[in-house]
2 protein chains.
Amino acid sequence: MELSFKNILVVGLGLIGGSILKTIKELNIPLEVYGLDLHEEVTKEANKIGLINNFDNQLKKIEEDCLIIFSVPSLSFERAFKLIEGSFDDEKVIFTDTFSSKSKLLEFLEGNADIGEKFVMSHPIAGSEKSGLMNSLPFLFKDKLVLVSHLNSSSENNNVIKVKSFWEQLGSKVSIMDPVEHDKVLSKTSHLPHVISFALMHFLEKELGEKVFKYSGGSLESYTRIASSDPLMWKDVTVSNKEAVLEAIKGFKSSLNEVSKLIDSEDEESILDFLSFVKEVRDKQLFSDGTSWKASEEDS
Amino acid sequence: MELSFKNILVVGLGLIGGSILKTIKELNIPLEVYGLDLHEEVTKEANKIGLINNFDNQLKKIEEDCLIIFSVPSLSFERAFKLIEGSFDDEKVIFTDTFSSKSKLLEFLEGNADIGEKFVMSHPIAGSEKSGLMNSLPFLFKDKLVLVSHLNSSSENNNVIKVKSFWEQLGSKVSIMDPVEHDKVLSKTSHLPHVISFALMHFLEKELGEKVFKYSGGSLESYTRIASSDPLMWKDVTVSNKEAVLEAIKGFKSSLNEVSKLIDSEDEESILDFLSFVKEVRDKQLFSDGTSWKASEEDS
């Protein structure tokens with residue numbers, strides 16, 4: 001499938017932005033590649049390792065069709081947007097992003113209809129607890145799910161089709177999703193597990209200090225992996241999706257209280273019922289959901 | 001290193017018991033192997049697949065030196081102990097177990113000094129969310145940590161040395177640990193993460209039903225893995241280590257409340273500080289703890 005644009009400009013050259021550029025290079029996707037970072041030395045580094053055409057943040061105007069991808073921490077979006085002013089042709093641009101939370105972006109787009117019109121939101125469910133350009137990887141998006149949203153949520157929209165086709169070229173599978181629904185669902189399936197992991201690591205450090213991993217084997221290492229995620233990115237996710245995240249924490253605490261009460265009661269039959277129920281639903285859903293998105297240590 | 005006993009009797013032929021027998025077979029460790037299970041058909045099955053000498057639960061007395069390992073769910077210990085009556089020579093036996101929680105066992109041993117004298121507690125930190133004989137694996141214990149405890153907590157004890165040497169033959173590394181300390185530490189590093197995973201899965205099922213894994217990529221699958229653990233085993237762990245587990249939940253909730261308050265405040269600097277602290281301690285401890293117990297999806 002051919003892409004409908006010849007140029008790509010990645011704004012934010014961290015793990016995700018860098019991985020997009022490395023994948024384009026690795027797969028020889030015929031695109032002129034440009035990049036900008038809020039820290040200009042990162043832009044220079046990306047040029048030095050052959051990922052982008054431009055040398056620094058002084059980007060000349062891209063005259064042809066261009067996809068601009070924002071892969072900065074979500075609350076840096078407006079600063080990032082200022083960085084690209086004058087770099088593109090209003091008539092020949094499509095915007096997308098890679099944010100894990102859409103709420104603040106959505107507010108901005110609803111207040112800036114001219115940009116909103118050209119903006120298709122993307123959330124590649126791929127990542128790592130390692131951040132930065134140096135940790136970026138070609139093929140990070142291979143076989144991963146990308147959730148694509150648009151203000152009008154129509155998969156008929158031409159720009160949606162173009163962005164969908166871009167992610168497919170990188171090896172991803174795309175699902176179209178309403179952006180408000182996106183933030184509600186992801187607050188539970190992604191943001192909540194991160195918050196839990198942050199809190200668990202905080203608690204363990206307070207209680208056990210250096211002994212945390214000494215007597216725990218590998219599973220705690222794996223279980224707390226996402227507590228090592230990029231603090232800046234996750235500060236932005238939790239703030240920008242605050243209401244839904246707090247709601248999810250509240251709901252989770254209610255389930256946690258239910259388990260606590262059961263344990264406290266020593267009612268073995270009810271505890272067994274609870275644990276059996278939980279195992280059953282996980283096993284059933286995991287093997288019947290029809291997707292082939294298999295577990296990977298690196299997803300987030 | 002030669003083992004000091006020629007016979008081994010595994011009581012409880014599930015994931016752990018089965019894996020012990022398969023490892024002995026795989027490594028050609030010179031031991032006469034016997035097994036019993038609370039469900040006699042499992043004993044018969046283990047004989048059928050060549051893991052044990054005896055055909056069923058009618059075990060004749062083992063006259064020579066013998067290590068008896070209890071790998072039943074911890075609250076089934078007393079029932080399991082009845083199963084072996086008459087099967088061993090009082091003067092030539094050492095007992096051990098594979099329980100994740102020692103509290104109830106400890107009570108029993110303190111009340112039965114004659115057995116306690118010969119009992120060295122073991123906790124191999126190895127496992128899987130898959131349970132039962134059919135899922136047991138040779139090499140499950142390779143490079144895994146086994147926490148060994150004794151009523152007198154002395155590594156000088158001759159029986160402790162024998163049990164330590166047994167696990168080392170299976171490929172494990174052994175740490176000696178006070179049993180009371182064991183339950184306190186493990187309530188935080190292992191039992192708490194399991195309880196969290198049970199509660200998270202319960203919450204997600206309630207909120208999202210079949211959509212839980214649809215929009216979550218692989219990381220949630222990995223994060224909730226331990227929610228699929230054996231319900232019977234974990235019912236017993238939570239009940240037998242009730243006080244410490246409830247204490248751990250309480251402490252974790254206090255850290256969770258701290259994160260919630262921070263998010264609610266939208267005080268970005270403090271949120272960033274918190275997340276940076278958590279990342280820093282995890283990364284530092286993980287790479288400086290000197291052990292080589294690397295993360296494995298299968299540990300628990």
# chains A, B, ... in the order shown; residues from 1 in each chain; ligands from 1
$ residues_around --residues "stretch 12-27 of chain B" --least-positions-apart "3" --cutoff "6 Å" --atoms "only C-alpha atoms" --output "PDB file with N, CA, C and O atoms, in the first residue's frame"
ATOM      1  N   ASP B  37      -0.297 -38.250  46.749  1.00  0.00           N
ATOM      2  CA  ASP B  37      -1.120 -37.067  46.548  1.00  0.00           C
ATOM      3  C   ASP B  37      -2.440 -37.254  47.277  1.00  0.00           C
ATOM      4  O   ASP B  37      -2.908 -38.391  47.437  1.00  0.00           O
ATOM      5  N   SER B  71       4.528 -30.663  49.384  1.00  0.00           N
ATOM      6  CA  SER B  71       4.237 -29.594  48.422  1.00  0.00           C
ATOM      7  C   SER B  71       2.742 -29.545  48.126  1.00  0.00           C
ATOM      8  O   SER B  71       2.322 -29.390  46.998  1.00  0.00           O
ATOM      9  N   VAL B  72       1.994 -29.651  49.202  1.00  0.00           N
ATOM     10  CA  VAL B  72       0.531 -29.497  49.122  1.00  0.00           C
ATOM     11  C   VAL B  72       0.202 -28.032  49.429  1.00  0.00           C
ATOM     12  O   VAL B  72       1.061 -27.297  49.913  1.00  0.00           O
ATOM     13  N   SER B 131      -1.068 -24.577  37.156  1.00  0.00           N
ATOM     14  CA  SER B 131      -0.873 -25.493  38.271  1.00  0.00           C
ATOM     15  C   SER B 131      -1.082 -26.941  37.849  1.00  0.00           C
ATOM     16  O   SER B 131      -1.462 -27.221  36.713  1.00  0.00           O
ATOM     17  N   GLY B 132      -0.798 -27.847  38.751  1.00  0.00           N
ATOM     18  CA  GLY B 132      -1.067 -29.262  38.506  1.00  0.00           C
ATOM     19  C   GLY B 132       0.114 -30.019  37.913  1.00  0.00           C
ATOM     20  O   GLY B 132       1.007 -29.428  37.301  1.00  0.00           O
ATOM     21  N   LEU B 133       0.074 -31.337  38.111  1.00  0.00           N
ATOM     22  CA  LEU B 133       1.140 -32.222  37.630  1.00  0.00           C
ATOM     23  C   LEU B 133       1.416 -32.042  36.144  1.00  0.00           C
ATOM     24  O   LEU B 133       2.562 -32.025  35.707  1.00  0.00           O
ATOM     25  N   ASN B 135       1.350 -29.549  34.336  1.00  0.00           N
ATOM     26  CA  ASN B 135       2.113 -28.350  33.989  1.00  0.00           C
ATOM     27  C   ASN B 135       3.501 -28.310  34.637  1.00  0.00           C
ATOM     28  O   ASN B 135       4.232 -27.331  34.473  1.00  0.00           O
ATOM     29  N   SER B 136       3.832 -29.348  35.372  1.00  0.00           N
ATOM     30  CA  SER B 136       5.139 -29.351  36.043  1.00  0.00           C
ATOM     31  C   SER B 136       6.262 -29.474  35.016  1.00  0.00           C
ATOM     32  O   SER B 136       6.060 -29.964  33.913  1.00  0.00           O
ATOM     33  N   LEU B 137       7.421 -28.977  35.414  1.00  0.00           N
ATOM     34  CA  LEU B 137       8.529 -28.815  34.463  1.00  0.00           C
ATOM     35  C   LEU B 137       9.846 -29.289  35.071  1.00  0.00           C
ATOM     36  O   LEU B 137      10.143 -28.988  36.224  1.00  0.00           O
ATOM     37  N   PRO B 138      10.666 -29.950  34.284  1.00  0.00           N
ATOM     38  CA  PRO B 138      12.022 -30.200  34.773  1.00  0.00           C
ATOM     39  C   PRO B 138      12.726 -28.844  34.725  1.00  0.00           C
ATOM     40  O   PRO B 138      12.339 -27.987  33.928  1.00  0.00           O
ATOM     41  N   PHE B 139      13.713 -28.641  35.525  1.00  0.00           N
ATOM     42  CA  PHE B 139      14.462 -27.376  35.525  1.00  0.00           C
ATOM     43  C   PHE B 139      13.666 -26.170  36.013  1.00  0.00           C
ATOM     44  O   PHE B 139      14.066 -25.042  35.796  1.00  0.00           O
TER      45      PHE B 139
END
$ select_by_dssp --residues "stretch 33-269 of chain B" --states "alpha helix (DSSP H)" --output "PyMOL selection string"
chain B and resi 40-48+77-83+103-111+113-117+158-169+179-186+192-208+217-223+231-240+242-265+268-269
$ select_by_dssp --residues "stretch 3-93 of chain A" --states "strand (DSSP E)" --output "MDAnalysis selection string"
chainID A and resid 7:11 32:36 66:70 93
$ write_last_selection --atoms "all heavy atoms" --output "compact mmCIF listing (two decimals), in the first residue's frame"
# COMPACT_ATOMS: atom_id res chain seq x y z
N ASN A 7 6.41 13.16 3.07
CA ASN A 7 7.24 13.71 4.15
C ASN A 7 6.66 13.36 5.51
O ASN A 7 5.44 13.29 5.68
CB ASN A 7 7.29 15.24 4.03
CG ASN A 7 7.87 15.67 2.71
OD1 ASN A 7 9.08 15.73 2.53
ND2 ASN A 7 6.98 15.96 1.75
N ILE A 8 7.58 13.19 6.45
CA ILE A 8 7.12 12.99 7.82
C ILE A 8 7.98 13.84 8.74
O ILE A 8 9.20 13.93 8.57
CB ILE A 8 7.16 11.49 8.21
CG1 ILE A 8 6.57 11.30 9.60
CG2 ILE A 8 8.57 10.93 8.19
CD1 ILE A 8 6.29 9.86 9.93
N LEU A 9 7.30 14.49 9.67
CA LEU A 9 8.02 15.30 10.66
C LEU A 9 7.65 14.77 12.05
O LEU A 9 6.47 14.79 12.43
CB LEU A 9 7.61 16.78 10.51
CG LEU A 9 8.04 17.72 11.65
CD1 LEU A 9 9.55 17.70 11.89
CD2 LEU A 9 7.57 19.16 11.34
N VAL A 10 8.64 14.26 12.77
CA VAL A 10 8.40 13.74 14.11
C VAL A 10 8.81 14.80 15.12
O VAL A 10 9.97 15.24 15.14
CB VAL A 10 9.19 12.43 14.35
CG1 VAL A 10 8.96 11.92 15.77
CG2 VAL A 10 8.77 11.36 13.33
N VAL A 11 7.87 15.20 15.97
CA VAL A 11 8.17 16.23 16.97
C VAL A 11 8.25 15.53 18.34
O VAL A 11 7.25 15.05 18.86
CB VAL A 11 7.09 17.33 16.99
CG1 VAL A 11 7.54 18.48 17.88
CG2 VAL A 11 6.80 17.82 15.59
N GLU A 32 10.58 11.30 3.14
CA GLU A 32 11.59 12.26 3.59
C GLU A 32 11.36 12.45 5.09
O GLU A 32 10.23 12.74 5.51
CB GLU A 32 11.43 13.59 2.85
CG GLU A 32 11.80 13.53 1.37
CD GLU A 32 13.25 13.11 1.15
OE1 GLU A 32 14.15 13.63 1.85
OE2 GLU A 32 13.49 12.22 0.30
N VAL A 33 12.40 12.30 5.87
CA VAL A 33 12.22 12.30 7.32
C VAL A 33 12.81 13.54 8.00
O VAL A 33 13.97 13.90 7.78
CB VAL A 33 12.84 11.03 7.96
CG1 VAL A 33 11.93 9.83 7.76
CG2 VAL A 33 14.22 10.75 7.38
N TYR A 34 11.96 14.18 8.82
CA TYR A 34 12.39 15.35 9.57
C TYR A 34 12.06 15.13 11.05
O TYR A 34 11.14 14.37 11.38
CB TYR A 34 11.69 16.61 9.04
CG TYR A 34 11.94 16.83 7.56
CD1 TYR A 34 11.05 16.34 6.61
CD2 TYR A 34 13.09 17.50 7.14
CE1 TYR A 34 11.30 16.52 5.25
CE2 TYR A 34 13.35 17.68 5.78
CZ TYR A 34 12.45 17.18 4.84
OH TYR A 34 12.71 17.34 3.51
N GLY A 35 12.79 15.84 11.88
CA GLY A 35 12.51 15.69 13.30
C GLY A 35 12.85 16.94 14.09
O GLY A 35 13.72 17.73 13.70
N LEU A 36 12.13 17.13 15.16
CA LEU A 36 12.38 18.26 16.06
C LEU A 36 12.25 17.75 17.49
O LEU A 36 11.44 16.87 17.76
CB LEU A 36 11.34 19.37 15.84
CG LEU A 36 11.38 20.14 14.53
CD1 LEU A 36 10.13 21.02 14.42
CD2 LEU A 36 12.65 20.98 14.41
N CYS A 66 2.57 16.29 4.11
CA CYS A 66 3.38 15.92 5.26
C CYS A 66 2.52 15.39 6.41
O CYS A 66 1.44 15.91 6.69
CB CYS A 66 4.17 17.16 5.73
SG CYS A 66 5.34 16.79 7.06
N LEU A 67 3.02 14.36 7.06
CA LEU A 67 2.41 13.88 8.30
C LEU A 67 3.28 14.37 9.45
O LEU A 67 4.49 14.11 9.47
CB LEU A 67 2.35 12.34 8.33
CG LEU A 67 1.86 11.73 9.65
CD1 LEU A 67 0.38 12.02 9.88
CD2 LEU A 67 2.10 10.20 9.67
N ILE A 68 2.68 15.14 10.35
CA ILE A 68 3.42 15.60 11.53
C ILE A 68 2.95 14.80 12.75
O ILE A 68 1.75 14.77 13.06
CB ILE A 68 3.23 17.10 11.75
CG1 ILE A 68 3.73 17.87 10.50
CG2 ILE A 68 3.99 17.57 13.00
CD1 ILE A 68 3.69 19.39 10.62
N ILE A 69 3.90 14.14 13.41
CA ILE A 69 3.58 13.29 14.57
C ILE A 69 4.12 13.92 15.85
O ILE A 69 5.32 14.17 15.95
CB ILE A 69 4.24 11.91 14.44
CG1 ILE A 69 3.84 11.26 13.11
CG2 ILE A 69 3.86 11.01 15.61
CD1 ILE A 69 4.33 9.82 12.98
N PHE A 70 3.25 14.16 16.81
CA PHE A 70 3.71 14.67 18.11
C PHE A 70 3.93 13.51 19.06
O PHE A 70 2.98 12.84 19.46
CB PHE A 70 2.67 15.63 18.69
CG PHE A 70 2.53 16.88 17.87
CD1 PHE A 70 1.57 16.97 16.86
CD2 PHE A 70 3.37 17.96 18.07
CE1 PHE A 70 1.46 18.12 16.07
CE2 PHE A 70 3.27 19.12 17.28
CZ PHE A 70 2.31 19.19 16.29
N VAL A 93 -1.18 19.14 5.15
CA VAL A 93 -0.66 18.55 6.38
C VAL A 93 -1.73 17.70 7.08
O VAL A 93 -2.93 18.00 7.01
CB VAL A 93 -0.12 19.66 7.32
CG1 VAL A 93 -1.28 20.48 7.90
CG2 VAL A 93 0.77 19.10 8.42
$ residues_around --residues "stretch 207-210 of chain A" --least-positions-apart "5" --cutoff "12 Å" --atoms "only C-alpha atoms" --output "number ranges by chain"
A: 200-202, 215-216; B: 181, 184-189, 247-248, 251-252, 255, 278, 281-290
$ residues_around --residues "B:Ser149" --least-positions-apart "5" --cutoff "7 Å" --atoms "only C-alpha atoms" --output "PyMOL selection string"
chain B and resi 120-122+176-179
$ write_last_selection --atoms "N, CA, C and O atoms" --output "mmCIF file, in the first residue's frame"
data_model
loop_
_atom_site.group_PDB
_atom_site.id
_atom_site.type_symbol
_atom_site.label_atom_id
_atom_site.label_comp_id
_atom_site.auth_asym_id
_atom_site.auth_seq_id
_atom_site.Cartn_x
_atom_site.Cartn_y
_atom_site.Cartn_z
ATOM 1 N N VAL B 120 12.973 -28.914 58.229
ATOM 2 C CA VAL B 120 13.634 -27.723 57.696
ATOM 3 C C VAL B 120 12.690 -27.127 56.663
ATOM 4 O O VAL B 120 12.273 -27.815 55.735
ATOM 5 N N MET B 121 12.298 -25.881 56.847
ATOM 6 C CA MET B 121 11.335 -25.286 55.920
ATOM 7 C C MET B 121 12.018 -24.763 54.655
ATOM 8 O O MET B 121 13.116 -24.216 54.718
ATOM 9 N N SER B 122 11.346 -24.951 53.516
ATOM 10 C CA SER B 122 11.885 -24.454 52.248
ATOM 11 C C SER B 122 10.815 -23.670 51.495
ATOM 12 O O SER B 122 9.649 -24.040 51.518
ATOM 13 N N ILE B 176 19.436 -18.697 53.720
ATOM 14 C CA ILE B 176 18.840 -19.076 55.010
ATOM 15 C C ILE B 176 18.108 -17.855 55.557
ATOM 16 O O ILE B 176 18.610 -16.732 55.483
ATOM 17 N N MET B 177 16.925 -18.069 56.072
ATOM 18 C CA MET B 177 16.121 -16.944 56.537
ATOM 19 C C MET B 177 15.282 -17.359 57.730
ATOM 20 O O MET B 177 14.723 -18.464 57.742
ATOM 21 N N ASP B 178 15.174 -16.488 58.696
ATOM 22 C CA ASP B 178 14.288 -16.745 59.834
ATOM 23 C C ASP B 178 12.842 -16.879 59.336
ATOM 24 O O ASP B 178 12.379 -16.072 58.533
ATOM 25 N N PRO B 179 12.112 -17.922 59.814
ATOM 26 C CA PRO B 179 10.770 -18.160 59.254
ATOM 27 C C PRO B 179 9.755 -17.042 59.538
ATOM 28 O O PRO B 179 8.849 -16.813 58.734
#
$ atom_distance --atom1 "atom CA of A:Leu51" --atom2 "atom CA of A:Leu31"
11.5 Å
$ residues_around --residues "stretch 220-227 of chain A" --least-positions-apart "5" --cutoff "7 Å" --atoms "only C-alpha atoms" --output "compact mmCIF listing (two decimals) with N, CA and C atoms, in the first residue's frame"
# COMPACT_ATOMS: atom_id res chain seq x y z
N GLU A 129 9.92 0.54 29.59
CA GLU A 129 10.20 1.37 30.75
C GLU A 129 11.47 2.16 30.53
N HIS A 194 -0.27 1.32 36.08
CA HIS A 194 0.93 2.12 36.32
C HIS A 194 0.89 2.76 37.71
N SER A 197 1.57 0.28 40.31
CA SER A 197 2.98 -0.09 40.33
C SER A 197 3.83 0.99 41.01
N PHE A 198 3.50 2.26 40.75
CA PHE A 198 4.21 3.36 41.43
C PHE A 198 4.00 3.25 42.95
N MET A 201 5.79 0.16 44.50
CA MET A 201 7.24 0.36 44.60
C MET A 201 7.56 1.32 45.75
N THR B 189 6.58 -8.69 49.39
CA THR B 189 7.17 -8.84 48.06
C THR B 189 6.42 -9.84 47.17
N TYR B 223 0.87 -8.15 33.45
CA TYR B 223 0.67 -7.57 34.78
C TYR B 223 -0.35 -8.35 35.59
N VAL B 278 10.46 6.91 42.71
CA VAL B 278 10.08 5.50 42.56
C VAL B 278 10.94 4.82 41.48
N LYS B 279 11.10 5.51 40.36
CA LYS B 279 11.91 4.94 39.28
C LYS B 279 13.37 4.77 39.74
N ALA B 295 14.73 -11.70 35.98
CA ALA B 295 13.28 -11.79 35.82
C ALA B 295 12.91 -12.94 34.90
$ atom_distance --atom1 "atom CA of A:Lys173" --atom2 "atom CA of A:Phe88"
28.1 Å
$ closest_residue --among "B:Asp90, B:Val239, B:Glu110, B:Ser265" --to "chain A" --atoms "only C-alpha atoms"
B:Val239
$ residues_around --residues "stretch 267-274 of chain A" --least-positions-apart "4" --cutoff "7 Å" --atoms "only C-alpha atoms" --output "ChimeraX atom specification"
/A:262-263,278 /B:231-232,235
$ write_last_selection --atoms "C-alpha atoms" --output "PDB file, in the first residue's frame"
ATOM      1  CA  LEU A 262     -12.624 -11.795  52.720  1.00  0.00           C
ATOM      2  CA  ILE A 263      -9.124 -12.527  54.021  1.00  0.00           C
ATOM      3  CA  VAL A 278     -10.828 -13.997  39.037  1.00  0.00           C
TER       4      VAL A 278
ATOM      5  CA  PRO B 231      -6.894 -20.361  43.801  1.00  0.00           C
ATOM      6  CA  LEU B 232      -6.517 -23.130  46.370  1.00  0.00           C
ATOM      7  CA  LYS B 235      -6.513 -19.077  49.526  1.00  0.00           C
TER       8      LYS B 235
END
